[in-house]
Every structure is written in structure tokens, then in C-alpha cells.
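Working notes for the structure below.
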Amino acid sequence: MSGLLLIAAWINHAAGPVVVIVLSGATAAWCFFQAPLSCGAPVREHDDGCRNNASGLLMGCRQVRQHRWQKLKMLIFRRQLRAFCSGLFSDGKATIVTLAGAGSFISGLVALVPGIA
């Protein structure tokens, strides 16, 4: 919902940069922490990772305690960054959420710097 409001705010120039920044932050937070996706944390049994439902690009599933923060930790360790990035485009739903999160982040940056848009 906030993504649609963000698009409408960019189309309607009367909304102002503050509204765009707030909506960009809300959309990015939803994509990173709340969007319904599959976990994808590395497991021994499956090559494609954990198949449980997770919330957001950065969080793992709640069924396995170690997966909860495992995807977020993958960003910190250089050896695991490649595996995390490959999981961002693993299926259609993950691709859409990844592009929405990146777009809203860029949207917020553009709204912060006056004169670009």
C-alpha cells in the first residue's frame, strides 16, 4: 500500500519531499522486514535453502531459531554476501520485493537531495 502511495506522491508534485521521504522509508522498511517471502537460509537438506515462510528480505523464518537473524548476518560477513545477494533474485516474489525495496531506497535519496528530481 505504501508503495502505491509513494508512486502517487511522485506523480503529484504537490506532495512535497517530506511525504516522499516518509513513504520511501515506510516502503523500504516493509520490504526489508515485513514482506512475505520464503526464508532461503542455508540448510544441509536443501540446495535452495530453507523453505519456511519468512518476513522480509533481511529476516529469516521463525520456525528455526538460528534462521531468524542468519540472513541479516550474511550481509556482515564477506564470504556470505554473495549467497545473500543470489537469494534476492531467487524467485519472482523475491525479485519484486527486492526491486521495490531498492526503488524506494533510491526514491528517498533522490527526495533528500534537492534539484535532482
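Scheme for the C-alpha cells: letters A, B, ... for chains in order shown; per-chain residue numbers from 1; ligand numbers from 1 in order shown.
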12 Å contact set for stretch 67-78 of chain A, only C-alpha atoms, chain neighbours under 5 positions out, as a ChimeraX atom specification
/A:32-33,38-43,49-62,83-88
Residue list (strand (DSSP E or B), DSSP) for stretch 48-104 of chain A, as a short mmCIF file (atom, residue, chain, number, x, y, z; two decimals) with all heavy atoms, in the first residue's frame:
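Dumped everything to states_22.cif:
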```cif
data_model
loop_
_atom_site.label_atom_id
_atom_site.label_comp_id
_atom_site.auth_asym_id
_atom_site.auth_seq_id
_atom_site.Cartn_x
_atom_site.Cartn_y
_atom_site.Cartn_z
N ASN A 53 8.20 -20.00 5.57
CA ASN A 53 7.82 -18.61 5.32
C ASN A 53 8.63 -17.68 6.23
O ASN A 53 8.86 -17.99 7.39
CB ASN A 53 6.33 -18.41 5.57
CG ASN A 53 5.49 -19.13 4.56
OD1 ASN A 53 5.89 -19.31 3.42
ND2 ASN A 53 4.30 -19.54 4.97
N ALA A 54 9.04 -16.57 5.68
CA ALA A 54 9.81 -15.58 6.43
C ALA A 54 9.18 -14.21 6.23
O ALA A 54 8.30 -14.03 5.38
CB ALA A 54 11.27 -15.56 5.96
N SER A 55 9.64 -13.25 6.98
CA SER A 55 9.13 -11.89 6.83
C SER A 55 10.28 -10.97 6.45
O SER A 55 11.18 -10.73 7.23
CB SER A 55 8.47 -11.42 8.12
OG SER A 55 9.34 -11.57 9.20
N CYS A 61 13.10 -17.23 8.88
CA CYS A 61 11.84 -17.78 9.39
C CYS A 61 11.84 -17.80 10.92
O CYS A 61 12.88 -17.73 11.55
CB CYS A 61 11.62 -19.18 8.84
SG CYS A 61 12.86 -20.38 9.34
#
```
Could you name the residues that touch A:Ala111 at 9 Å or less, counting only C-alpha atoms, but leaving out those on the same chain fewer than 4 positions away, as a PDB file with C-alpha atoms, in the first residue's frame?
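Listing of out04.pdb after writing:
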```pdb
ATOM      1  CA  GLY A  16       6.466  17.542  -1.325  1.00  0.00           C
ATOM      2  CA  PRO A  17       9.779  15.899  -0.469  1.00  0.00           C
ATOM      3  CA  VAL A  18       8.919  15.191   3.177  1.00  0.00           C
ATOM      4  CA  VAL A  20       8.140  11.190  -0.396  1.00  0.00           C
ATOM      5  CA  ILE A  21      10.892  10.568   2.160  1.00  0.00           C
ATOM      6  CA  ILE A 106      16.696   5.351  -4.208  1.00  0.00           C
ATOM      7  CA  SER A 107      13.469   7.359  -4.139  1.00  0.00           C
ATOM      8  CA  GLY A 115      17.408  19.695  -7.517  1.00  0.00           C
ATOM      9  CA  ILE A 116      17.874  16.119  -8.727  1.00  0.00           C
ATOM     10  CA  ALA A 117      14.233  15.281  -9.440  1.00  0.00           C
TER      11      ALA A 117
END
```
Mind pulling up the distance from atom CA of A:Gly92 to atom CA of A:Gly3?
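These two atoms are separated by 17.5 Å.
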DSSP-assigned alpha helix (DSSP H) members of chain A, reported as JSON, numbers by chain
{"A": [2, 3, 4, 5, 6, 7, 8, 9, 10, 11, 17, 18, 19, 20, 21, 22, 23, 24, 25, 26, 27, 28, 29, 30, 31, 32, 33, 70, 71, 72, 73, 74, 78, 79, 80, 81, 82, 83, 84, 85, 86, 87, 92, 93, 94, 95, 96, 97, 98, 99, 100, 101, 102, 103, 104, 105, 106, 107, 108, 109, 110, 111, 112]}
Can I get the residues of stretch 47-103 of chain A within 12 Å of stretch 5-12 of chain A, each with the closest pair of atoms and their distance in Å to one decimal, using only C-alpha atoms, sorted chain first then ascending number, as a Markdown table?
```
| residue | atom | partner | partner_atom | distance |
| --- | --- | --- | --- | --- |
| A:Ala100 | CA | A:Leu6 | CA | 10.8 |
| A:Gly101 | CA | A:Leu6 | CA | 11.9 |
| A:Gly103 | CA | A:Leu6 | CA | 10.3 |
```
Could you tell me how far atom CA of A:Leu37 lies from atom CA of A:Gly108, in Å and to one decimal?
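Between these atoms lies a distance of 23.6 Å.
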